[in-house]
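Raw run38.txt, compact mmCIF, N, CA and C atoms:
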```txt
# COMPACT_ATOMS: atom_id res chain seq x y z
N MET J 408 87.44 110.39 55.57
CA MET J 408 88.70 110.33 56.27
C MET J 408 88.51 110.61 57.77
N ILE J 409 87.68 111.57 58.11
CA ILE J 409 87.48 111.93 59.51
C ILE J 409 86.68 110.85 60.24
N VAL J 410 85.73 110.24 59.57
CA VAL J 410 84.89 109.22 60.22
C VAL J 410 85.73 108.04 60.72
N PRO J 411 86.62 107.46 59.91
CA PRO J 411 87.45 106.36 60.45
C PRO J 411 88.31 106.79 61.64
N LEU J 412 88.83 108.02 61.59
CA LEU J 412 89.64 108.50 62.70
C LEU J 412 88.81 108.63 63.97
N VAL J 413 87.61 109.18 63.85
CA VAL J 413 86.73 109.33 65.01
C VAL J 413 86.35 107.96 65.55
N LEU J 414 86.02 107.03 64.68
CA LEU J 414 85.67 105.68 65.12
C LEU J 414 86.83 104.99 65.82
N ALA J 415 88.03 105.20 65.31
CA ALA J 415 89.21 104.60 65.95
C ALA J 415 89.43 105.20 67.33
N LEU J 416 89.28 106.50 67.46
CA LEU J 416 89.45 107.14 68.77
C LEU J 416 88.38 106.69 69.76
N VAL J 417 87.15 106.54 69.30
CA VAL J 417 86.08 106.06 70.17
C VAL J 417 86.37 104.64 70.61
N ALA J 418 86.80 103.80 69.71
CA ALA J 418 87.12 102.41 70.06
C ALA J 418 88.26 102.36 71.07
N LEU J 419 89.26 103.22 70.89
CA LEU J 419 90.38 103.26 71.82
C LEU J 419 89.91 103.67 73.21
N ALA J 420 89.09 104.70 73.27
CA ALA J 420 88.60 105.19 74.56
C ALA J 420 87.70 104.18 75.25
N VAL J 421 86.92 103.47 74.49
CA VAL J 421 86.00 102.49 75.06
C VAL J 421 86.74 101.22 75.48
N ALA J 422 87.84 100.90 74.86
CA ALA J 422 88.54 99.65 75.12
C ALA J 422 89.19 99.61 76.51
N HIS J 423 89.72 100.73 76.97
CA HIS J 423 90.45 100.73 78.24
C HIS J 423 89.63 100.33 79.46
N PRO J 424 88.37 100.75 79.60
CA PRO J 424 87.63 100.33 80.80
C PRO J 424 87.54 98.81 80.94
N GLY J 425 87.63 98.08 79.85
CA GLY J 425 87.58 96.63 79.90
C GLY J 425 88.74 96.02 80.66
N TYR J 426 89.84 96.77 80.81
CA TYR J 426 90.97 96.26 81.59
C TYR J 426 90.55 95.98 83.03
N ARG J 427 89.56 96.71 83.51
CA ARG J 427 89.12 96.50 84.90
C ARG J 427 88.52 95.12 85.09
N ASP J 428 88.06 94.49 84.00
CA ASP J 428 87.55 93.12 84.07
C ASP J 428 88.68 92.11 84.27
N LEU J 429 89.90 92.54 83.98
CA LEU J 429 91.05 91.64 83.97
C LEU J 429 91.86 91.65 85.26
N MET J 430 91.30 92.31 86.30
CA MET J 430 91.95 92.34 87.60
C MET J 430 90.88 92.19 88.68
N PRO J 431 91.22 91.63 89.82
CA PRO J 431 90.21 91.49 90.87
C PRO J 431 89.74 92.87 91.36
N ASN J 432 88.45 92.99 91.56
CA ASN J 432 87.84 94.23 92.07
C ASN J 432 88.19 95.45 91.23
N GLY J 433 88.37 95.26 89.94
CA GLY J 433 88.77 96.36 89.06
C GLY J 433 87.77 97.51 89.03
N TYR J 434 86.53 97.24 89.38
CA TYR J 434 85.51 98.29 89.37
C TYR J 434 85.29 98.91 90.74
N SER J 435 86.03 98.48 91.74
CA SER J 435 85.83 99.03 93.08
C SER J 435 87.14 99.39 93.77
N VAL J 436 88.12 99.84 93.00
CA VAL J 436 89.40 100.26 93.57
C VAL J 436 89.18 101.61 94.25
N PRO J 437 89.49 101.70 95.54
CA PRO J 437 89.27 102.95 96.26
C PRO J 437 90.10 104.11 95.70
N ASN J 438 89.51 105.27 95.72
CA ASN J 438 90.20 106.49 95.31
C ASN J 438 90.91 107.05 96.55
N PRO J 439 92.24 107.04 96.60
CA PRO J 439 92.94 107.54 97.77
C PRO J 439 92.81 109.05 97.97
N CYS J 440 92.18 109.72 97.01
CA CYS J 440 92.01 111.17 97.08
C CYS J 440 90.56 111.57 97.34
N GLY J 441 89.66 110.60 97.47
CA GLY J 441 88.26 110.95 97.67
C GLY J 441 87.44 109.74 98.06
N ALA J 442 86.15 109.92 98.10
CA ALA J 442 85.25 108.87 98.58
C ALA J 442 84.77 107.93 97.48
N ASP J 443 85.05 108.23 96.23
CA ASP J 443 84.56 107.39 95.14
C ASP J 443 85.59 106.33 94.76
N THR J 444 85.41 105.72 93.61
CA THR J 444 86.36 104.71 93.14
C THR J 444 87.24 105.30 92.04
N TRP J 445 88.37 104.65 91.83
CA TRP J 445 89.35 105.07 90.82
C TRP J 445 89.05 104.25 89.57
N GLN J 446 88.55 104.86 88.54
CA GLN J 446 88.10 104.15 87.34
C GLN J 446 89.23 103.76 86.41
N ALA J 447 90.24 104.60 86.28
CA ALA J 447 91.36 104.34 85.38
C ALA J 447 92.55 103.86 86.21
N VAL J 448 92.48 102.63 86.68
CA VAL J 448 93.39 102.10 87.69
C VAL J 448 94.87 102.23 87.32
N GLY J 449 95.23 102.05 86.08
CA GLY J 449 96.63 102.12 85.66
C GLY J 449 97.12 103.51 85.34
N HIS J 450 96.30 104.51 85.58
CA HIS J 450 96.63 105.89 85.23
C HIS J 450 96.60 106.79 86.46
N TYR J 451 97.19 107.97 86.32
CA TYR J 451 97.23 108.92 87.43
C TYR J 451 95.93 109.69 87.63
N ASP J 452 95.11 109.76 86.62
CA ASP J 452 93.83 110.46 86.73
C ASP J 452 92.76 109.42 87.05
N PRO J 453 91.93 109.65 88.07
CA PRO J 453 90.96 108.63 88.45
C PRO J 453 89.87 108.35 87.41
N TYR J 454 89.64 109.27 86.50
CA TYR J 454 88.53 109.12 85.55
C TYR J 454 88.95 109.03 84.10
N HIS J 455 90.19 109.41 83.79
CA HIS J 455 90.61 109.48 82.40
C HIS J 455 91.88 108.67 82.16
N HIS J 456 91.95 108.11 80.98
CA HIS J 456 93.10 107.30 80.57
C HIS J 456 94.16 108.21 79.98
N THR J 457 95.11 108.60 80.79
CA THR J 457 96.19 109.49 80.37
C THR J 457 97.31 108.68 79.74
N ILE J 458 98.16 109.35 79.00
CA ILE J 458 99.30 108.67 78.40
C ILE J 458 100.25 108.19 79.50
N ALA J 459 100.48 109.04 80.48
CA ALA J 459 101.37 108.67 81.59
C ALA J 459 100.65 107.66 82.50
N LYS J 460 101.28 106.51 82.68
CA LYS J 460 100.69 105.47 83.53
C LYS J 460 101.42 105.42 84.87
N ASN J 461 100.68 105.04 85.90
CA ASN J 461 101.34 104.81 87.18
C ASN J 461 102.08 103.48 87.09
N GLN J 462 102.86 103.15 88.13
CA GLN J 462 103.69 101.94 88.05
C GLN J 462 102.83 100.68 87.92
N PHE J 463 101.67 100.62 88.55
CA PHE J 463 100.81 99.46 88.37
C PHE J 463 100.39 99.33 86.91
N GLY J 464 100.04 100.44 86.27
CA GLY J 464 99.67 100.41 84.86
C GLY J 464 100.80 99.89 83.99
N LYS J 465 102.03 100.30 84.31
CA LYS J 465 103.20 99.82 83.56
C LYS J 465 103.41 98.33 83.82
N ASP J 466 103.27 97.91 85.08
CA ASP J 466 103.46 96.49 85.41
C ASP J 466 102.37 95.63 84.77
N PHE J 467 101.14 96.12 84.77
CA PHE J 467 100.01 95.40 84.16
C PHE J 467 100.23 95.25 82.65
N ALA J 468 100.69 96.32 82.01
CA ALA J 468 100.99 96.26 80.57
C ALA J 468 102.13 95.28 80.30
N ALA J 469 103.16 95.30 81.15
CA ALA J 469 104.30 94.38 80.99
C ALA J 469 103.87 92.92 81.15
N ALA J 470 102.80 92.68 81.90
CA ALA J 470 102.27 91.32 82.08
C ALA J 470 101.22 91.00 81.01
N ALA J 471 101.23 91.77 79.93
CA ALA J 471 100.29 91.58 78.81
C ALA J 471 98.84 91.70 79.25
N HIS J 472 98.59 92.55 80.26
CA HIS J 472 97.25 92.79 80.81
C HIS J 472 96.61 91.51 81.33
N ILE J 473 97.45 90.67 81.92
CA ILE J 473 96.99 89.41 82.52
C ILE J 473 97.34 89.44 84.00
N TRP J 474 96.37 89.10 84.84
CA TRP J 474 96.59 89.04 86.28
C TRP J 474 97.39 87.78 86.57
N THR J 475 98.69 87.93 86.72
CA THR J 475 99.58 86.80 86.97
C THR J 475 99.96 86.75 88.45
N GLU J 476 100.50 85.64 88.86
CA GLU J 476 100.97 85.53 90.23
C GLU J 476 102.08 86.55 90.51
N THR J 477 102.95 86.75 89.55
CA THR J 477 104.03 87.73 89.72
C THR J 477 103.46 89.13 89.90
N LEU J 478 102.51 89.53 89.05
CA LEU J 478 101.89 90.85 89.17
C LEU J 478 101.17 90.97 90.50
N CYS J 479 100.49 89.93 90.92
CA CYS J 479 99.77 89.91 92.18
C CYS J 479 100.72 90.11 93.37
N LYS J 480 101.87 89.48 93.32
CA LYS J 480 102.82 89.54 94.44
C LYS J 480 103.72 90.77 94.42
N THR J 481 103.61 91.57 93.36
CA THR J 481 104.41 92.79 93.25
C THR J 481 103.77 93.92 94.05
N ASP J 482 104.58 94.77 94.61
CA ASP J 482 104.11 95.99 95.29
C ASP J 482 104.43 97.15 94.35
N SER J 483 103.60 97.36 93.35
CA SER J 483 103.88 98.35 92.31
C SER J 483 104.05 99.76 92.85
N ASP J 484 103.28 100.13 93.85
CA ASP J 484 103.33 101.51 94.34
C ASP J 484 104.28 101.71 95.52
N GLY J 485 104.90 100.64 96.00
CA GLY J 485 105.91 100.75 97.05
C GLY J 485 105.37 101.13 98.41
N ASP J 486 104.11 100.80 98.69
CA ASP J 486 103.52 101.17 99.99
C ASP J 486 103.56 100.04 101.01
N GLY J 487 104.22 98.94 100.68
CA GLY J 487 104.34 97.84 101.63
C GLY J 487 103.26 96.78 101.51
N LYS J 488 102.32 96.94 100.57
CA LYS J 488 101.26 95.95 100.34
C LYS J 488 101.36 95.49 98.89
N THR J 489 101.19 94.19 98.69
CA THR J 489 101.24 93.68 97.33
C THR J 489 100.00 94.14 96.56
N ASN J 490 100.10 94.07 95.24
CA ASN J 490 98.94 94.40 94.41
C ASN J 490 97.76 93.50 94.76
N GLY J 491 98.04 92.24 95.03
CA GLY J 491 96.98 91.30 95.40
C GLY J 491 96.31 91.67 96.71
N GLU J 492 97.10 92.08 97.69
CA GLU J 492 96.53 92.51 98.97
C GLU J 492 95.62 93.72 98.75
N GLU J 493 96.09 94.68 97.95
CA GLU J 493 95.30 95.89 97.74
C GLU J 493 94.03 95.63 96.92
N LEU J 494 94.08 94.65 96.02
CA LEU J 494 92.92 94.37 95.17
C LEU J 494 92.05 93.21 95.66
N GLY J 495 92.30 92.72 96.86
CA GLY J 495 91.44 91.69 97.44
C GLY J 495 91.76 90.27 97.02
N ASP J 496 92.97 90.03 96.54
CA ASP J 496 93.41 88.69 96.16
C ASP J 496 94.76 88.38 96.81
N PRO J 497 94.80 88.35 98.15
CA PRO J 497 96.09 88.17 98.83
C PRO J 497 96.76 86.83 98.55
N ALA J 498 96.01 85.81 98.22
CA ALA J 498 96.59 84.49 97.93
C ALA J 498 96.94 84.33 96.46
N CYS J 499 96.64 85.34 95.65
CA CYS J 499 96.98 85.33 94.22
C CYS J 499 96.35 84.14 93.49
N ILE J 500 95.07 83.90 93.73
CA ILE J 500 94.38 82.77 93.11
C ILE J 500 93.24 83.20 92.19
N TRP J 501 93.00 84.51 92.09
CA TRP J 501 91.88 85.02 91.30
C TRP J 501 92.10 84.78 89.81
N ASN J 502 91.02 84.44 89.11
CA ASN J 502 91.02 84.33 87.65
C ASN J 502 89.87 85.17 87.11
N VAL J 503 90.00 85.62 85.88
CA VAL J 503 88.95 86.42 85.25
C VAL J 503 87.61 85.70 85.39
N GLY J 504 86.61 86.43 85.85
CA GLY J 504 85.28 85.88 86.04
C GLY J 504 85.01 85.38 87.45
N ASP J 505 86.07 85.16 88.24
CA ASP J 505 85.91 84.71 89.62
C ASP J 505 85.46 85.86 90.51
N ARG J 506 84.88 85.52 91.63
CA ARG J 506 84.60 86.50 92.68
C ARG J 506 85.88 86.61 93.51
N PRO J 507 86.41 87.81 93.72
CA PRO J 507 87.63 87.95 94.51
C PRO J 507 87.42 87.48 95.95
N ALA J 508 88.49 87.07 96.59
CA ALA J 508 88.43 86.58 97.97
C ALA J 508 87.99 87.68 98.93
N GLY J 509 88.38 88.90 98.65
CA GLY J 509 88.05 90.02 99.53
C GLY J 509 87.77 91.27 98.72
N SER J 510 87.55 92.36 99.41
CA SER J 510 87.31 93.65 98.76
C SER J 510 88.63 94.36 98.53
N ALA J 511 88.63 95.27 97.57
CA ALA J 511 89.81 96.10 97.35
C ALA J 511 89.98 97.02 98.56
N SER J 512 91.19 97.10 99.07
CA SER J 512 91.44 97.91 100.26
C SER J 512 92.35 99.09 99.98
N GLY J 513 92.92 99.14 98.79
CA GLY J 513 93.84 100.21 98.43
C GLY J 513 94.00 100.28 96.93
N HIS J 514 94.80 101.24 96.49
CA HIS J 514 95.08 101.42 95.06
C HIS J 514 96.46 100.86 94.78
N PRO J 515 96.60 99.92 93.83
CA PRO J 515 97.89 99.29 93.59
C PRO J 515 98.91 100.18 92.88
N GLY J 516 98.48 101.32 92.34
CA GLY J 516 99.40 102.19 91.61
C GLY J 516 99.64 103.54 92.25
N ILE J 517 99.00 103.80 93.38
CA ILE J 517 99.15 105.07 94.09
C ILE J 517 99.56 104.76 95.53
N CYS J 518 100.75 105.19 95.92
CA CYS J 518 101.23 104.95 97.28
C CYS J 518 100.31 105.66 98.26
N GLU J 519 99.92 104.92 99.28
CA GLU J 519 99.00 105.47 100.28
C GLU J 519 99.59 105.31 101.68
N PRO J 520 99.25 106.26 102.54
CA PRO J 520 98.43 107.44 102.30
C PRO J 520 99.20 108.50 101.50
N VAL J 521 98.50 109.08 100.53
CA VAL J 521 99.08 110.10 99.66
C VAL J 521 99.64 111.24 100.51
N GLY J 522 100.86 111.64 100.20
CA GLY J 522 101.48 112.75 100.92
C GLY J 522 102.18 112.37 102.21
N SER J 523 102.08 111.11 102.61
CA SER J 523 102.72 110.68 103.85
C SER J 523 104.24 110.56 103.67
N ALA J 524 104.95 110.48 104.77
CA ALA J 524 106.40 110.31 104.72
C ALA J 524 106.76 109.02 103.99
N ALA J 525 105.96 107.97 104.18
CA ALA J 525 106.22 106.68 103.53
C ALA J 525 106.12 106.78 102.01
N CYS J 526 105.37 107.75 101.52
CA CYS J 526 105.16 107.91 100.08
C CYS J 526 105.90 109.11 99.52
N SER J 527 106.81 109.67 100.27
CA SER J 527 107.49 110.89 99.86
C SER J 527 108.36 110.73 98.61
N ASN J 528 108.73 109.50 98.27
CA ASN J 528 109.55 109.28 97.08
C ASN J 528 108.72 109.24 95.80
N GLN J 529 107.41 109.38 95.91
CA GLN J 529 106.55 109.36 94.73
C GLN J 529 106.03 110.76 94.46
N ALA J 530 105.99 111.12 93.19
CA ALA J 530 105.60 112.47 92.79
C ALA J 530 104.10 112.69 92.81
N PHE J 531 103.32 111.64 92.90
CA PHE J 531 101.87 111.80 92.82
C PHE J 531 101.33 112.63 93.98
N ARG J 532 100.38 113.48 93.65
CA ARG J 532 99.62 114.22 94.64
C ARG J 532 98.19 114.30 94.12
N CYS J 533 97.24 114.35 94.99
CA CYS J 533 95.84 114.43 94.58
C CYS J 533 95.63 115.68 93.75
N GLY J 534 94.91 115.53 92.65
CA GLY J 534 94.62 116.65 91.77
C GLY J 534 95.56 116.79 90.60
N CYS J 535 96.68 116.05 90.58
CA CYS J 535 97.57 116.14 89.43
C CYS J 535 97.02 115.27 88.30
N HIS J 536 97.41 115.56 87.09
CA HIS J 536 96.91 114.82 85.93
C HIS J 536 98.05 114.54 84.97
N GLY J 537 98.10 113.31 84.48
CA GLY J 537 99.07 112.93 83.44
C GLY J 537 100.50 113.21 83.83
N ASN J 538 101.21 113.96 82.95
CA ASN J 538 102.64 114.21 83.16
C ASN J 538 102.92 115.07 84.38
N GLN J 539 101.93 115.74 84.93
CA GLN J 539 102.12 116.50 86.17
C GLN J 539 102.43 115.56 87.33
N CYS J 540 102.06 114.30 87.19
CA CYS J 540 102.17 113.34 88.29
C CYS J 540 103.47 112.55 88.27
N VAL J 541 104.31 112.73 87.29
CA VAL J 541 105.53 111.94 87.18
C VAL J 541 106.75 112.82 87.36
N GLY J 542 107.78 112.24 87.91
CA GLY J 542 109.04 112.96 88.11
C GLY J 542 108.96 113.98 89.22
N ARG J 543 110.07 114.48 89.60
CA ARG J 543 110.15 115.54 90.64
C ARG J 543 111.11 116.59 90.18
```
Written as C-alpha cells, how would this file's structure read?
Amino acid sequence: MIVPLVLALVALAVAHPGYRDLMPNGYSVPNPCGADTWQAVGHYDPYHHTIAKNQFGKDFAAAAHIWTETLCKTDSDGDGKTNGEELGDPACIWNVGDRPAGSASGHPGICEPVGSAACSNQAFRCGCHGNQCVGR
C-alpha cells in the first residue's frame, strides 16, 4: 500500500519540471529575488512546487499548459510587460521545441521589481513560501 503511494508522489513531483519545456525559456526564467533562475515558474517558491500558484501558474493551467497567443499576450503579474515579453517571445510565435526569439528578461508570475510601488498591490515578497505569498 505504501509503495504505490510513494511512487505516485514521486511521479507527481517529477512531472512538474516538464512544464518548463512547454514555455519559452522555461529553464532560464530570472529569479527576481536573487542571481539564479526560478525553477518552479508557476509557483511562489523558486525551487518547490507549492499548492498556491502565482497568477502566471493559474493562467498557464487555464490554458491547459499550452503556450497560446492569448497566454503570451497576457500580463499575468501586472508589471506592464506581457508574458511573452518576459519569456523572450514578444511576437508570440514560439512553439514547443523552437529556440525562443530572445532571452527571458523577467518572471511572468512575479511583479517586478519586487517591493516597488508599481507592485504594491501584490502580496509577494522575497522569502515567502506558498500561502504566505497570497492575500494581504
How far is it from atom N of J:Gly449 to atom CA of J:Gly464, in Å with one decimal?
4.9 Å
Pick the closest to J:Gly433 from J:Gln446, J:Ser483, J:Asn538, J:Thr477: which is it, counting all atoms listed in the file?
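Among the listed residues, the smallest separation from J:Gly433 belongs to J:Gln446.
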With all atoms listed in the file as the atoms that count, which of J:Ala511, J:Cys499, J:Ala447, J:Ala525 lies nearest to J:Gly485?
J:Ala525
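Among the candidates J:Ser512, J:Thr489, J:Thr457, J:Asn502, the residue lying nearest to J:Gln539 is J:Thr457 (atoms considered: only C-alpha atoms).
Residues of stretch 411-533 of chain J assigned to strand (DSSP E or B) by DSSP on this structure's backbone: Pro437, Thr444, His450 and Lys460 of chain J.
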Proximity to J:Gly516 - best of J:His456, J:Asp443, J:Ala470, J:Phe531, only C-alpha atoms:
J:Phe531
Provide stretch 497-520 of chain J rebuilt to N, CA, C and O atoms, formatted as a tab-separated table (two decimals), in the coordinates of the input.
```tsv
chain	number	residue	atom	x	y	z
J	497	PRO	N	94.80	88.35	98.15
J	497	PRO	CA	96.09	88.17	98.83
J	497	PRO	C	96.76	86.83	98.55
J	497	PRO	O	97.99	86.74	98.62
J	498	ALA	N	96.01	85.81	98.22
J	498	ALA	CA	96.59	84.49	97.93
J	498	ALA	C	96.94	84.33	96.46
J	498	ALA	O	97.47	83.29	96.06
J	499	CYS	N	96.64	85.34	95.65
J	499	CYS	CA	96.98	85.33	94.22
J	499	CYS	C	96.35	84.14	93.49
J	499	CYS	O	97.02	83.45	92.71
J	500	ILE	N	95.07	83.90	93.73
J	500	ILE	CA	94.38	82.77	93.11
J	500	ILE	C	93.24	83.20	92.19
J	500	ILE	O	92.60	82.37	91.56
J	501	TRP	N	93.00	84.51	92.09
J	501	TRP	CA	91.88	85.02	91.30
J	501	TRP	C	92.10	84.78	89.81
J	501	TRP	O	93.23	84.88	89.31
J	502	ASN	N	91.02	84.44	89.11
J	502	ASN	CA	91.02	84.33	87.65
J	502	ASN	C	89.87	85.17	87.11
J	502	ASN	O	88.87	85.38	87.80
J	503	VAL	N	90.00	85.62	85.88
J	503	VAL	CA	88.95	86.42	85.25
J	503	VAL	C	87.61	85.70	85.39
J	503	VAL	O	87.50	84.50	85.11
J	504	GLY	N	86.61	86.43	85.85
J	504	GLY	CA	85.28	85.88	86.04
J	504	GLY	C	85.01	85.38	87.45
J	504	GLY	O	83.86	85.18	87.82
J	505	ASP	N	86.07	85.16	88.24
J	505	ASP	CA	85.91	84.71	89.62
J	505	ASP	C	85.46	85.86	90.51
J	505	ASP	O	85.70	87.03	90.21
J	506	ARG	N	84.88	85.52	91.63
J	506	ARG	CA	84.60	86.50	92.68
J	506	ARG	C	85.88	86.61	93.51
J	506	ARG	O	86.41	85.59	93.97
J	507	PRO	N	86.41	87.81	93.72
J	507	PRO	CA	87.63	87.95	94.51
J	507	PRO	C	87.42	87.48	95.95
J	507	PRO	O	86.30	87.54	96.48
J	508	ALA	N	88.49	87.07	96.59
J	508	ALA	CA	88.43	86.58	97.97
J	508	ALA	C	87.99	87.68	98.93
J	508	ALA	O	87.33	87.42	99.92
J	509	GLY	N	88.38	88.90	98.65
J	509	GLY	CA	88.05	90.02	99.53
J	509	GLY	C	87.77	91.27	98.72
J	509	GLY	O	87.77	91.25	97.49
J	510	SER	N	87.55	92.36	99.41
J	510	SER	CA	87.31	93.65	98.76
J	510	SER	C	88.63	94.36	98.53
J	510	SER	O	89.61	94.13	99.24
J	511	ALA	N	88.63	95.27	97.57
J	511	ALA	CA	89.81	96.10	97.35
J	511	ALA	C	89.98	97.02	98.56
J	511	ALA	O	89.01	97.63	99.02
J	512	SER	N	91.19	97.10	99.07
J	512	SER	CA	91.44	97.91	100.26
J	512	SER	C	92.35	99.09	99.98
J	512	SER	O	92.56	99.93	100.85
J	513	GLY	N	92.92	99.14	98.79
J	513	GLY	CA	93.84	100.21	98.43
J	513	GLY	C	94.00	100.28	96.93
J	513	GLY	O	93.43	99.49	96.19
J	514	HIS	N	94.80	101.24	96.49
J	514	HIS	CA	95.08	101.42	95.06
J	514	HIS	C	96.46	100.86	94.78
J	514	HIS	O	97.43	101.30	95.40
J	515	PRO	N	96.60	99.92	93.83
J	515	PRO	CA	97.89	99.29	93.59
J	515	PRO	C	98.91	100.18	92.88
J	515	PRO	O	100.09	99.85	92.83
J	516	GLY	N	98.48	101.32	92.34
J	516	GLY	CA	99.40	102.19	91.61
J	516	GLY	C	99.64	103.54	92.25
J	516	GLY	O	100.41	104.34	91.73
J	517	ILE	N	99.00	103.80	93.38
J	517	ILE	CA	99.15	105.07	94.09
J	517	ILE	C	99.56	104.76	95.53
J	517	ILE	O	98.82	104.12	96.27
J	518	CYS	N	100.75	105.19	95.92
J	518	CYS	CA	101.23	104.95	97.28
J	518	CYS	C	100.31	105.66	98.26
J	518	CYS	O	99.96	106.83	98.08
J	519	GLU	N	99.92	104.92	99.28
J	519	GLU	CA	99.00	105.47	100.28
J	519	GLU	C	99.59	105.31	101.68
J	519	GLU	O	100.26	104.32	101.94
J	520	PRO	N	99.25	106.26	102.54
J	520	PRO	CA	98.43	107.44	102.30
J	520	PRO	C	99.20	108.50	101.50
J	520	PRO	O	100.38	108.75	101.74
```
